[in-house]
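Colleague: The file below is entry-v1.cif, mmCIF, C-alpha atoms and all ligand atoms:
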data_model
#
loop_
_atom_site.label_atom_id
_atom_site.label_comp_id
_atom_site.auth_asym_id
_atom_site.auth_seq_id
_atom_site.Cartn_x
_atom_site.Cartn_y
_atom_site.Cartn_z
CA MET A 128 8.82 -21.06 -21.35
CA LYS A 129 6.63 -18.12 -20.56
CA GLN A 130 4.05 -18.42 -17.80
CA ARG A 131 0.66 -18.35 -19.49
CA LEU A 132 -1.97 -16.40 -17.57
CA ALA A 133 -5.75 -16.46 -17.70
CA LEU A 134 -6.66 -13.12 -16.16
CA LEU A 135 -10.22 -12.91 -14.90
CA GLY A 136 -11.46 -9.38 -14.23
CA SER A 137 -8.74 -7.77 -16.33
CA THR A 138 -10.42 -4.36 -16.53
CA GLY A 139 -10.57 -3.88 -12.75
CA SER A 140 -8.09 -2.47 -10.27
CA ILE A 141 -6.19 -5.73 -9.64
CA GLY A 142 -6.61 -6.79 -13.26
CA CYS A 143 -4.99 -3.62 -14.62
CA GLN A 144 -2.14 -3.83 -12.11
CA THR A 145 -1.55 -7.46 -13.14
CA LEU A 146 -1.25 -6.29 -16.74
CA ASP A 147 1.30 -3.66 -15.61
CA ILE A 148 3.48 -6.55 -14.44
CA VAL A 149 2.99 -8.47 -17.68
CA ARG A 150 3.86 -5.32 -19.64
CA ARG A 151 7.11 -4.95 -17.70
CA ARG A 152 8.10 -8.62 -18.08
CA PRO A 153 7.08 -9.69 -21.57
CA GLU A 154 9.82 -12.34 -21.60
CA GLU A 155 8.24 -14.01 -18.54
CA PHE A 156 4.49 -13.76 -19.00
CA GLU A 157 1.95 -14.11 -21.72
CA VAL A 158 -1.78 -13.61 -21.45
CA THR A 159 -4.01 -16.29 -22.92
CA THR A 160 -7.37 -15.01 -21.68
CA LEU A 161 -8.76 -11.66 -20.60
CA THR A 162 -12.23 -11.18 -19.15
CA ALA A 163 -14.43 -8.25 -18.17
CA GLY A 164 -17.87 -7.79 -16.65
CA SER A 165 -19.37 -5.03 -18.76
CA ARG A 166 -16.54 -2.62 -19.65
CA TRP A 167 -16.28 -3.96 -23.19
CA GLU A 168 -14.28 -1.07 -24.66
CA ALA A 169 -11.53 -1.49 -22.09
CA LEU A 170 -11.54 -5.23 -22.74
CA VAL A 171 -11.16 -4.68 -26.49
CA ALA A 172 -8.24 -2.28 -25.95
CA GLN A 173 -6.51 -4.80 -23.68
CA ALA A 174 -7.12 -7.61 -26.16
CA ARG A 175 -5.54 -5.58 -28.98
CA GLU A 176 -2.50 -4.89 -26.83
CA PHE A 177 -1.97 -8.34 -25.28
CA GLN A 178 -3.30 -10.58 -28.09
CA PRO A 179 -4.79 -13.33 -25.90
CA ASP A 180 -6.25 -16.51 -27.43
CA SER A 181 -9.67 -15.62 -26.06
CA VAL A 182 -11.68 -12.98 -24.25
CA VAL A 183 -14.88 -13.27 -22.24
CA ILE A 184 -17.39 -10.49 -21.78
CA ALA A 185 -19.52 -11.66 -18.87
CA ASP A 186 -22.38 -9.30 -19.67
CA GLU A 187 -23.86 -10.91 -22.79
CA ARG A 188 -25.42 -7.65 -23.99
CA TYR A 189 -21.98 -6.53 -25.17
CA TYR A 190 -21.02 -9.71 -26.99
CA GLU A 191 -21.75 -8.41 -30.50
CA ARG A 192 -19.81 -5.22 -29.90
CA VAL A 193 -16.74 -7.07 -28.67
CA ARG A 194 -16.98 -9.57 -31.54
CA GLU A 195 -17.23 -6.83 -34.15
CA ALA A 196 -14.40 -4.81 -32.62
CA LEU A 197 -12.10 -7.85 -32.59
CA ALA A 198 -13.27 -9.32 -35.92
CA SER A 199 -9.91 -8.77 -37.60
CA GLU A 200 -7.91 -10.28 -34.70
CA PRO A 201 -7.26 -14.01 -34.18
CA ILE A 202 -9.03 -13.87 -30.80
CA LYS A 203 -11.99 -16.01 -29.79
CA VAL A 204 -14.80 -14.09 -28.12
CA TYR A 205 -17.11 -15.68 -25.55
CA ALA A 206 -19.89 -14.25 -23.41
CA GLY A 207 -21.66 -15.11 -20.20
CA SER A 208 -20.57 -16.14 -16.75
CA GLU A 209 -20.29 -19.85 -17.55
CA ALA A 210 -17.56 -19.09 -20.06
CA LEU A 211 -15.43 -17.77 -17.16
CA SER A 212 -15.31 -21.23 -15.62
CA GLN A 213 -14.52 -22.81 -19.00
CA VAL A 214 -11.67 -20.61 -20.23
CA VAL A 215 -9.62 -21.26 -17.09
CA THR A 216 -9.44 -24.99 -17.79
CA GLY A 217 -7.75 -24.77 -21.22
CA GLY A 218 -4.48 -26.58 -21.90
CA GLU A 219 -2.80 -23.27 -22.79
CA VAL A 220 -3.26 -21.91 -19.24
CA ASP A 221 -0.62 -22.30 -16.48
CA THR A 222 -1.92 -19.81 -13.92
CA VAL A 223 -5.35 -18.37 -13.33
CA VAL A 224 -5.33 -14.88 -11.84
CA ASN A 225 -8.75 -14.40 -10.31
CA ALA A 226 -9.34 -10.64 -10.00
CA LEU A 227 -13.12 -10.85 -10.26
CA VAL A 228 -15.18 -9.15 -7.59
CA GLY A 229 -17.85 -10.89 -5.53
CA TYR A 230 -19.59 -14.25 -5.68
CA ALA A 231 -18.98 -14.32 -9.45
CA GLY A 232 -15.40 -15.38 -8.72
CA MET A 233 -16.21 -18.53 -6.76
CA LEU A 234 -17.03 -21.03 -9.53
CA PRO A 235 -14.10 -19.92 -11.72
CA SER A 236 -11.74 -20.46 -8.73
CA LEU A 237 -13.15 -23.93 -8.16
CA SER A 238 -12.97 -24.72 -11.85
CA ALA A 239 -9.33 -23.57 -12.03
CA VAL A 240 -8.30 -25.70 -9.07
CA LYS A 241 -10.16 -28.75 -10.40
CA ALA A 242 -8.27 -28.33 -13.68
CA SER A 243 -5.02 -28.30 -11.63
CA LYS A 244 -4.16 -24.70 -12.52
CA ARG A 245 -2.08 -22.57 -10.17
CA LEU A 246 -4.46 -20.04 -8.72
CA ALA A 247 -3.26 -16.50 -7.96
CA LEU A 248 -6.20 -15.33 -5.92
CA ALA A 249 -7.39 -11.77 -5.36
CA ASN A 250 -11.08 -12.72 -5.26
CA LYS A 251 -11.40 -13.30 -1.51
CA GLU A 252 -15.14 -13.93 -1.90
CA SER A 253 -14.25 -17.34 -3.42
CA LEU A 254 -12.90 -18.45 -0.05
CA VAL A 255 -15.51 -16.57 1.99
CA VAL A 256 -18.24 -18.52 0.22
CA ALA A 257 -16.63 -21.90 -0.44
CA GLY A 258 -13.24 -21.94 1.27
CA GLU A 259 -13.59 -25.47 2.53
CA HIS A 260 -14.39 -26.92 -0.91
CA ILE A 261 -11.79 -24.92 -2.80
CA MET A 262 -8.99 -25.70 -0.33
CA ARG A 263 -9.90 -29.40 -0.29
CA GLU A 264 -9.94 -29.65 -4.08
CA ALA A 265 -6.58 -27.84 -4.20
CA ALA A 266 -5.02 -30.08 -1.54
CA GLU A 267 -6.19 -33.25 -3.30
CA ARG A 268 -4.43 -32.16 -6.48
CA ASN A 269 -1.50 -30.41 -4.86
CA VAL A 270 -2.47 -27.17 -6.63
CA PRO A 271 -0.94 -24.01 -5.14
CA ILE A 272 -3.22 -21.13 -4.20
CA LEU A 273 -1.13 -17.96 -4.06
CA PRO A 274 -2.71 -15.05 -2.24
CA ILE A 275 -2.80 -11.59 -3.85
CA ASP A 276 -4.69 -9.88 -1.03
CA SER A 277 -1.92 -7.83 0.64
CA GLU A 278 -2.51 -9.14 4.18
CA HIS A 279 -2.46 -12.76 3.06
CA SER A 280 0.54 -12.18 0.85
CA ALA A 281 2.27 -10.72 3.93
CA ILE A 282 1.40 -13.78 6.02
CA PHE A 283 2.47 -16.06 3.16
CA GLN A 284 5.79 -14.20 2.92
CA CYS A 285 6.30 -14.48 6.71
CA LEU A 286 5.65 -18.23 6.55
CA ALA A 287 8.01 -18.85 3.62
CA GLY A 288 10.88 -21.04 4.80
CA GLU A 289 9.27 -21.88 8.15
CA VAL A 290 8.62 -25.50 9.08
CA SER A 291 6.76 -24.68 12.31
CA ALA A 292 3.07 -23.85 12.24
CA PRO A 293 2.18 -20.32 13.34
CA ARG A 294 0.65 -19.75 16.78
CA ARG A 295 -1.48 -16.89 15.48
CA VAL A 296 -1.63 -14.36 12.69
CA ILE A 297 -2.23 -10.65 13.10
CA VAL A 298 -4.14 -9.20 10.17
CA THR A 299 -3.59 -5.46 10.03
CA ALA A 300 -6.35 -3.04 9.05
CA SER A 301 -6.07 0.60 8.03
CA GLY A 302 -9.38 1.25 9.79
CA GLY A 303 -10.74 2.89 6.63
CA PRO A 304 -12.02 6.44 6.16
CA PHE A 305 -14.24 6.33 9.27
CA LEU A 306 -11.68 5.24 11.83
CA ARG A 307 -12.33 8.40 13.90
CA THR A 308 -15.92 9.11 12.86
CA PRO A 309 -18.31 9.17 15.83
CA ALA A 310 -21.12 6.59 15.78
CA GLU A 311 -23.76 9.30 15.38
CA GLU A 312 -22.14 10.66 12.20
CA LEU A 313 -21.62 7.19 10.72
CA LYS A 314 -25.36 6.99 10.11
CA ASN A 315 -25.29 9.60 7.40
CA VAL A 316 -22.00 9.30 5.58
CA THR A 317 -22.20 9.82 1.84
CA VAL A 318 -21.07 7.56 -0.99
CA GLU A 319 -18.20 9.98 -1.76
CA GLN A 320 -16.99 9.87 1.85
CA ALA A 321 -17.15 6.08 1.94
CA LEU A 322 -15.26 5.81 -1.37
CA ALA A 323 -12.37 7.97 -0.13
CA HIS A 324 -10.03 5.33 1.28
CA PRO A 325 -7.03 6.90 3.03
CA ASN A 326 -4.28 4.55 1.78
CA TRP A 327 -5.42 2.29 -1.09
CA SER A 328 -7.03 2.95 -4.45
CA MET A 329 -9.29 -0.02 -5.22
CA GLY A 330 -12.57 -1.04 -6.86
CA ALA A 331 -15.77 0.47 -5.42
CA LYS A 332 -17.09 -2.66 -3.70
CA ILE A 333 -13.94 -3.45 -1.73
CA THR A 334 -13.55 0.24 -0.84
CA ILE A 335 -16.99 0.26 0.79
CA ASP A 336 -16.20 -3.10 2.43
CA SER A 337 -13.03 -1.55 3.85
CA SER A 338 -15.00 1.30 5.37
CA THR A 339 -17.45 -1.05 7.14
CA LEU A 340 -14.67 -3.52 8.11
CA VAL A 341 -16.59 -6.23 6.23
CA ASN A 342 -13.44 -6.48 4.13
CA LYS A 343 -11.40 -7.22 7.24
CA GLY A 344 -13.97 -9.76 8.38
CA PHE A 345 -13.74 -11.44 4.98
CA GLU A 346 -9.95 -11.40 5.27
CA VAL A 347 -10.21 -13.25 8.59
CA ILE A 348 -12.30 -15.90 6.83
CA GLU A 349 -9.85 -15.95 3.91
CA ALA A 350 -6.92 -16.41 6.35
CA LYS A 351 -8.64 -19.32 8.05
CA TRP A 352 -8.92 -21.25 4.79
CA LEU A 353 -5.63 -20.26 3.20
CA PHE A 354 -3.52 -21.06 6.25
CA GLY A 355 -5.62 -23.70 8.03
CA LEU A 356 -6.18 -21.64 11.20
CA LYS A 357 -8.85 -21.59 13.88
CA PRO A 358 -10.80 -18.32 14.24
CA GLU A 359 -9.17 -17.69 17.65
CA GLN A 360 -5.74 -17.80 15.97
CA ILE A 361 -6.61 -14.80 13.80
CA ASP A 362 -6.46 -11.32 15.32
CA VAL A 363 -7.25 -8.01 13.68
CA LEU A 364 -5.15 -4.99 14.57
CA VAL A 365 -5.84 -1.48 13.36
CA HIS A 366 -2.68 0.08 11.94
CA PRO A 367 -3.70 3.29 10.16
CA GLN A 368 -0.44 3.80 8.24
CA SER A 369 -0.80 0.53 6.22
CA ILE A 370 2.98 -0.06 6.31
CA ILE A 371 2.91 -3.43 8.10
CA HIS A 372 0.78 -5.56 5.83
CA SER A 373 0.28 -8.32 8.44
CA MET A 374 2.25 -10.42 10.93
CA VAL A 375 2.75 -13.99 12.11
CA GLU A 376 3.53 -15.06 15.68
CA PHE A 377 5.26 -18.39 16.36
CA GLU A 378 5.34 -20.67 19.44
CA ASP A 379 8.55 -19.12 20.76
CA GLY A 380 7.05 -15.62 20.73
CA ALA A 381 8.89 -14.49 17.60
CA ILE A 382 6.78 -12.23 15.40
CA LYS A 383 7.52 -11.75 11.72
CA ALA A 384 6.02 -8.91 9.75
CA GLN A 385 6.10 -7.87 6.13
CA LEU A 386 6.40 -4.15 5.53
CA GLY A 387 6.27 -1.97 2.46
CA THR A 388 4.52 0.96 0.84
CA PRO A 389 0.83 0.32 0.11
CA ASP A 390 1.10 -0.90 -3.49
CA MET A 391 -0.66 -3.98 -4.82
CA HIS A 392 1.95 -4.55 -7.56
CA LEU A 393 4.16 -6.23 -4.95
CA PRO A 394 1.74 -8.94 -3.78
CA ILE A 395 0.60 -9.50 -7.38
CA GLN A 396 4.15 -9.99 -8.64
CA TYR A 397 5.05 -12.15 -5.63
CA ALA A 398 2.09 -14.44 -6.36
CA LEU A 399 3.01 -14.69 -10.04
CA ARG A 400 6.76 -15.21 -9.54
CA PHE A 401 6.75 -17.16 -6.24
CA PRO A 402 9.16 -18.20 -4.85
CA GLU A 403 11.31 -15.62 -6.64
CA ARG A 404 11.25 -11.91 -6.08
CA GLY A 405 12.11 -9.38 -8.74
CA GLU A 406 12.74 -5.70 -9.37
CA LEU A 407 9.50 -3.78 -9.21
CA GLY A 408 10.60 -0.19 -9.64
CA GLU A 409 7.98 1.15 -7.27
CA GLU A 410 8.48 3.63 -4.47
CA ARG A 411 10.55 2.19 -1.62
CA LEU A 412 9.76 2.43 2.06
CA ASP A 413 11.58 5.31 3.73
CA PHE A 414 11.56 4.82 7.51
CA SER A 415 12.48 8.44 8.14
CA LYS A 416 9.11 9.35 6.58
CA CYS A 417 7.09 6.89 8.63
CA ALA A 418 8.38 7.52 12.13
CA ASN A 419 5.02 6.68 13.68
CA LEU A 420 3.67 3.20 13.25
CA THR A 421 0.64 2.99 15.53
CA PHE A 422 -1.66 0.15 16.56
CA GLU A 423 -5.05 -0.12 18.21
CA ALA A 424 -7.81 -2.66 18.67
CA PRO A 425 -10.74 -2.47 16.21
CA ASP A 426 -13.89 -0.82 17.58
CA LEU A 427 -16.51 -3.54 17.35
CA VAL A 428 -19.25 -1.23 18.59
CA ARG A 429 -18.97 1.16 15.66
CA PHE A 430 -17.99 -1.62 13.26
CA PRO A 431 -20.09 -4.63 14.35
CA LEU A 432 -19.81 -6.36 10.98
CA LEU A 433 -16.26 -7.46 11.79
CA GLN A 434 -17.71 -9.41 14.72
CA THR A 435 -20.48 -10.70 12.43
CA ALA A 436 -17.83 -12.20 10.15
CA TYR A 437 -16.21 -14.01 13.10
CA ASP A 438 -19.65 -15.24 14.20
CA CYS A 439 -20.40 -16.57 10.70
CA LEU A 440 -17.01 -18.26 10.55
CA ARG A 441 -17.63 -20.00 13.89
CA LYS A 442 -21.16 -20.99 12.95
CA GLY A 443 -19.91 -22.42 9.66
CA GLY A 444 -22.20 -24.06 7.09
CA ASN A 445 -23.49 -21.49 4.61
CA SER A 446 -23.32 -18.53 7.06
CA CYS A 447 -20.40 -16.80 5.36
CA CYS A 448 -22.09 -17.29 1.99
CA VAL A 449 -25.22 -15.57 3.34
CA MET A 450 -23.18 -12.71 4.76
CA ASN A 451 -21.38 -12.32 1.44
CA GLY A 452 -24.54 -12.33 -0.71
CA SER A 453 -26.39 -9.87 1.51
CA ASN A 454 -23.33 -7.62 1.69
CA GLU A 455 -23.07 -7.48 -2.11
CA VAL A 456 -26.72 -6.43 -2.38
CA ALA A 457 -26.42 -3.89 0.45
CA VAL A 458 -23.24 -2.30 -0.92
CA ALA A 459 -24.71 -2.05 -4.43
CA ALA A 460 -27.88 -0.44 -3.02
CA PHE A 461 -25.81 2.04 -1.00
CA LEU A 462 -23.66 2.90 -4.04
CA ARG A 463 -26.84 3.57 -6.05
CA GLY A 464 -27.98 5.94 -3.32
CA GLU A 465 -30.98 3.77 -2.38
CA ILE A 466 -30.16 3.02 1.24
CA LYS A 467 -28.21 4.80 3.95
CA TYR A 468 -24.72 3.75 4.93
CA ILE A 469 -25.88 2.46 8.30
CA ASP A 470 -28.49 0.30 6.54
CA ILE A 471 -25.75 -1.95 5.14
CA GLN A 472 -25.61 -3.44 8.65
CA SER A 473 -29.38 -3.87 8.87
CA VAL A 474 -29.52 -5.63 5.51
CA ILE A 475 -26.79 -8.10 6.46
CA MET A 476 -28.02 -8.79 9.98
CA GLY A 477 -31.62 -9.13 8.79
CA THR A 478 -30.64 -11.55 6.02
CA LEU A 479 -28.57 -13.68 8.39
CA GLU A 480 -31.63 -14.01 10.64
CA LYS A 481 -33.96 -15.04 7.83
CA ALA A 482 -31.86 -17.15 5.45
CA GLN A 483 -32.05 -20.90 5.74
CA PHE A 484 -29.07 -22.45 7.55
CA VAL A 485 -27.38 -25.35 5.76
CA ALA A 486 -24.85 -27.17 7.93
CA ASN A 487 -22.93 -29.04 5.21
CA PRO A 488 -23.50 -27.21 1.95
CA THR A 489 -22.59 -28.58 -1.46
CA ILE A 490 -21.57 -26.18 -4.23
CA ASP A 491 -25.18 -26.27 -5.49
CA ASP A 492 -26.35 -25.37 -1.98
CA TYR A 493 -24.05 -22.33 -2.04
CA ALA A 494 -25.56 -21.22 -5.34
CA ALA A 495 -29.07 -21.59 -3.88
CA SER A 496 -28.05 -19.88 -0.65
CA ASN A 497 -26.47 -17.01 -2.56
CA GLU A 498 -29.72 -16.54 -4.52
CA GLU A 499 -31.85 -16.73 -1.39
CA SER A 500 -29.64 -14.27 0.52
CA ARG A 501 -29.77 -11.80 -2.32
CA ARG A 502 -33.54 -12.05 -2.54
CA ILE A 503 -33.97 -11.50 1.20
CA ALA A 504 -31.41 -8.69 1.19
CA ARG A 505 -33.18 -6.96 -1.71
CA GLU A 506 -36.49 -7.16 0.16
CA ILE A 507 -34.96 -5.62 3.28
CA ALA A 508 -33.19 -2.93 1.24
CA GLN A 509 -36.48 -2.15 -0.53
CA ARG A 510 -38.21 -1.57 2.82
CA LEU A 511 -35.35 0.66 4.00
CA ARG A 512 -35.32 2.75 0.81
CA LYS A 513 -34.78 6.42 1.47
P1 LIG B 601 -12.86 -4.02 -9.55
O1 LIG B 601 -14.29 -3.71 -9.36
O2 LIG B 601 -11.92 -2.90 -9.83
O3 LIG B 601 -12.69 -5.08 -10.76
C1 LIG B 601 -13.48 -6.22 -10.85
C2 LIG B 601 -13.31 -6.91 -12.20
O4 LIG B 601 -14.25 -7.98 -12.29
C3 LIG B 601 -13.58 -6.03 -13.41
O5 LIG B 601 -12.76 -6.46 -14.49
C4 LIG B 601 -15.04 -6.30 -13.72
O6 LIG B 601 -15.34 -6.06 -15.08
C5 LIG B 601 -15.14 -7.76 -13.40
N1 LIG B 601 -16.48 -8.14 -12.95
C6 LIG B 601 -17.23 -7.50 -12.02
N2 LIG B 601 -18.38 -8.17 -11.81
C7 LIG B 601 -18.36 -9.24 -12.63
C8 LIG B 601 -19.26 -10.31 -12.89
N3 LIG B 601 -20.45 -10.40 -12.26
N4 LIG B 601 -18.90 -11.26 -13.78
C9 LIG B 601 -17.71 -11.18 -14.41
N5 LIG B 601 -16.83 -10.18 -14.23
C10 LIG B 601 -17.14 -9.24 -13.34
O7 LIG B 601 -12.39 -4.85 -8.28
P2 LIG B 601 -10.91 -4.93 -7.63
O8 LIG B 601 -10.74 -3.83 -6.66
O9 LIG B 601 -9.91 -5.16 -8.70
O10 LIG B 601 -11.07 -6.26 -6.76
C11 LIG B 601 -11.04 -7.55 -7.34
C12 LIG B 601 -10.93 -8.59 -6.22
O11 LIG B 601 -9.67 -8.41 -5.57
C13 LIG B 601 -11.99 -8.43 -5.12
O12 LIG B 601 -12.35 -9.69 -4.63
C14 LIG B 601 -11.27 -7.65 -4.04
O13 LIG B 601 -11.79 -7.92 -2.76
C15 LIG B 601 -9.85 -8.18 -4.19
N6 LIG B 601 -8.80 -7.26 -3.73
C16 LIG B 601 -8.65 -6.06 -4.34
C17 LIG B 601 -7.65 -5.18 -3.91
C18 LIG B 601 -7.41 -3.86 -4.60
O14 LIG B 601 -6.45 -3.18 -4.28
N7 LIG B 601 -8.21 -3.47 -5.57
C19 LIG B 601 -6.84 -5.54 -2.84
C20 LIG B 601 -7.03 -6.77 -2.23
C21 LIG B 601 -8.02 -7.63 -2.69
MG MG B 602 -6.58 -6.80 1.87
#
Before we go any further, please render this structure as structure tokens.
Modeller:
Amino acid sequence: MKQRLALLGSTGSIGCQTLDIVRRRPEEFEVTTLTAGSRWEALVAQAREFQPDSVVIADERYYERVREALASEPIKVYAGSEALSQVVTGGEVDTVVNALVGYAGMLPSLSAVKASKRLALANKESLVVAGEHIMREAAERNVPILPIDSEHSAIFQCLAGEVSAPRRVIVTASGGPFLRTPAEELKNVTVEQALAHPNWSMGAKITIDSSTLVNKGFEVIEAKWLFGLKPEQIDVLVHPQSIIHSMVEFEDGAIKAQLGTPDMHLPIQYALRFPERGELGEERLDFSKCANLTFEAPDLVRFPLLQTAYDCLRKGGNSCCVMNGSNEVAVAAFLRGEIKYIDIQSVIMGTLEKAQFVANPTIDDYAASNEESRRIAREIAQRLRK
């Protein structure tokens, strides 16, 4: 039997790479649902190629266009964000691949887990916002959550076959495009500079998050929930070559690492085919070409938002949700050229000061907190406008 995938965010970077794997292994995988935010033409092209049962265009303005374009195909067309949470629950779905970006991925993740679907998770924001709920719902139903994020896939691969709990994990970070940029110059970096990641080609939001180290902070939060760790068990280590994707240290001092070229096809395929590996046909790691693997501590003075993520994780409640919501607004405003790069920090810090703290949030509280954080963040960004 083929593994039937509901692929959320199919037109994005992870989504397209997931479809590469499906294309290469048609005897193993079939796609039952494809979804896009607003890139309706790309969605239509994918639907014609992969013939899913249904597609969802989240931005309802494009519903008619998608429906007309697919009128002659036996494909159901839905629109709106609620449809994302519904399509993942269908009886024809085995695995939900969540490659959405941002808060929009959280409810679909929860919905998938509650419907007892295997969840191959790229959308780290799901766990940043509601990690406790999603992990609890998954544990109650014995539903596997398979990480796609390369660091978490590395940790997951290092833990495979181990019966002992890890002592700590070491999440590696490339350091992003501004690893060596002096603090003074960081104030005025341009959108183009921030989008030029040295090692990975990814969607715009995560690329900016990588440059501010918010992405690494979110990965610390993601690691806590995925692997049941305390914040002090999660270290971040800058490793500019992005060859070691992360490491795990055990009680006896042994450290396991997973290495490879920076290519997301590997963690995606590992999540889909776990516990089996398979030929991937990508470039292989040549040690003679990577003689220097270097390591350094992250600079929390130039990149304070990594510390902010740890602080939010320790504070708990809705803090990480507030950080996430304000970050999404700040990054979008920066990408539109409305605020300066350095203002991303001010928007997040300012929102964290003002947003209401909720110690034991329900899912509805997260939704309200996300709305409130975005409103506060927009107000701050408006005041900072260039
Ligand atoms: P992307 O921007 O390239 O793609 C996002 C996808 O989600 C697109 O299909 C888009 O149409 C859809 N989308 C965006 N906003 C939406 C909304 N509001 N409602 C419904 N659909 C929406 O992003 P990406 O780089 O593929 O990243 C996806 C997720 O994977 C993120 O959480 C990111 O942090 C994580 N991730 C990405 C990479 C990478 O290499 N790209 C690596 C590790 C983790
Ligand atoms: Mg990552």
Colleague: Per residue of region 302-365 of chain A within 12 Å of region 139-150 of chain A, which atom pair is closest and at what distance in Å (one decimal), using only C-alpha atoms, listed by chain and increasing number, as a Markdown table?
Modeller:
| residue | atom | partner | partner_atom | distance |
| --- | --- | --- | --- | --- |
| A:Trp327 | CA | A:Ser140 | CA | 10.7 |
| A:Ser328 | CA | A:Ser140 | CA | 8.0 |
| A:Met329 | CA | A:Ser140 | CA | 5.7 |
| A:Gly330 | CA | A:Ser140 | CA | 5.8 |
| A:Ala331 | CA | A:Ser140 | CA | 9.5 |
| A:Lys332 | CA | A:Ser140 | CA | 11.1 |
| A:Ile333 | CA | A:Ser140 | CA | 10.4 |
| A:Thr334 | CA | A:Ser140 | CA | 11.2 |
Colleague: Can you tell me how far CA of Val193 (chain A) sits from CA of Ala133 (chain A), in Å to one decimal?
Modeller: 18.1 Å
Colleague: Return as a ChimeraX atom specification every polymer residue, whether protein, DNA or RNA, with at least one atom no more than 6 Å from an atom of ligand LIG 601 (chain B); count all atoms listed in the file.
Modeller: /A:136-142,163-166,185,208,226-229,231,249-252,276-277,329-331,333,391
Colleague: Could you work out an axis-aligned bounding box for all listed atoms of region 148-155 of chain A, with 4 Å added on each of the six sides, and give its centre and edge lengths in Å to one decimal, as lines of an AutoDock Vina configuration file?
Modeller:
center_x = 6.4
center_y = -9.5
center_z = -18.0
size_x = 14.8
size_y = 17.1
size_z = 15.2
Colleague: Could you tell me, counting only C-alpha atoms and all ligand atoms, which protein and nucleic acid residues lie no more than 8 Å from ligand MG 602 (chain B), written as a short mmCIF file (atom, residue, chain, number, x, y, z; two decimals) with C-alpha atoms, keeping the file's coordinate frame?
Modeller:
data_model
loop_
_atom_site.label_atom_id
_atom_site.label_comp_id
_atom_site.auth_asym_id
_atom_site.auth_seq_id
_atom_site.Cartn_x
_atom_site.Cartn_y
_atom_site.Cartn_z
CA ASP A 276 -4.69 -9.88 -1.03
CA SER A 277 -1.92 -7.83 0.64
CA GLU A 278 -2.51 -9.14 4.18
CA HIS A 279 -2.46 -12.76 3.06
CA ASN A 342 -13.44 -6.48 4.13
CA LYS A 343 -11.40 -7.22 7.24
CA GLU A 346 -9.95 -11.40 5.27
#
Colleague: Show me, as a short mmCIF file (atom, residue, chain, number, x, y, z; two decimals) with C-alpha atoms, keeping the file's coordinate frame, the residues that have an atom within 9 Å of Arg505 (chain A) when counting all atoms listed in the file, minus same-chain residues fewer than 2 positions from it.
Modeller:
data_model
loop_
_atom_site.label_atom_id
_atom_site.label_comp_id
_atom_site.auth_asym_id
_atom_site.auth_seq_id
_atom_site.Cartn_x
_atom_site.Cartn_y
_atom_site.Cartn_z
CA SER A 453 -26.39 -9.87 1.51
CA VAL A 456 -26.72 -6.43 -2.38
CA ALA A 457 -26.42 -3.89 0.45
CA ALA A 460 -27.88 -0.44 -3.02
CA VAL A 474 -29.52 -5.63 5.51
CA SER A 500 -29.64 -14.27 0.52
CA ARG A 501 -29.77 -11.80 -2.32
CA ARG A 502 -33.54 -12.05 -2.54
CA ILE A 503 -33.97 -11.50 1.20
CA ILE A 507 -34.96 -5.62 3.28
CA ALA A 508 -33.19 -2.93 1.24
CA GLN A 509 -36.48 -2.15 -0.53
CA ARG A 510 -38.21 -1.57 2.82
#
Colleague: Got a sec: who's within 10 Å of Ala350 (chain A), counting all atoms listed in the file, leaving out chain neighbours fewer than 3 positions off, as a list in words?
Modeller: Lys251, Leu254, Val255, Gly258, Pro274, Glu278, His279, Ile282, Phe283, Val296, Val298, Gly344, Phe345, Glu346, Val347, Leu353, Phe354, Gly355, Leu356, Lys357, Pro358, Gln360 and Ile361 of chain A
Colleague: Could you save the residues just selected, with C-alpha atoms, as a PDB file, in the frame of the given file?
Modeller:
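Result file follows (result.pdb):
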ATOM      1  CA  LYS A 251     -11.400 -13.300  -1.510  1.00  0.00           C
ATOM      2  CA  LEU A 254     -12.900 -18.450  -0.050  1.00  0.00           C
ATOM      3  CA  VAL A 255     -15.510 -16.570   1.990  1.00  0.00           C
ATOM      4  CA  GLY A 258     -13.240 -21.940   1.270  1.00  0.00           C
ATOM      5  CA  PRO A 274      -2.710 -15.050  -2.240  1.00  0.00           C
ATOM      6  CA  GLU A 278      -2.510  -9.140   4.180  1.00  0.00           C
ATOM      7  CA  HIS A 279      -2.460 -12.760   3.060  1.00  0.00           C
ATOM      8  CA  ILE A 282       1.400 -13.780   6.020  1.00  0.00           C
ATOM      9  CA  PHE A 283       2.470 -16.060   3.160  1.00  0.00           C
ATOM     10  CA  VAL A 296      -1.630 -14.360  12.690  1.00  0.00           C
ATOM     11  CA  VAL A 298      -4.140  -9.200  10.170  1.00  0.00           C
ATOM     12  CA  GLY A 344     -13.970  -9.760   8.380  1.00  0.00           C
ATOM     13  CA  PHE A 345     -13.740 -11.440   4.980  1.00  0.00           C
ATOM     14  CA  GLU A 346      -9.950 -11.400   5.270  1.00  0.00           C
ATOM     15  CA  VAL A 347     -10.210 -13.250   8.590  1.00  0.00           C
ATOM     16  CA  LEU A 353      -5.630 -20.260   3.200  1.00  0.00           C
ATOM     17  CA  PHE A 354      -3.520 -21.060   6.250  1.00  0.00           C
ATOM     18  CA  GLY A 355      -5.620 -23.700   8.030  1.00  0.00           C
ATOM     19  CA  LEU A 356      -6.180 -21.640  11.200  1.00  0.00           C
ATOM     20  CA  LYS A 357      -8.850 -21.590  13.880  1.00  0.00           C
ATOM     21  CA  PRO A 358     -10.800 -18.320  14.240  1.00  0.00           C
ATOM     22  CA  GLN A 360      -5.740 -17.800  15.970  1.00  0.00           C
ATOM     23  CA  ILE A 361      -6.610 -14.800  13.800  1.00  0.00           C
TER      24      ILE A 361
END
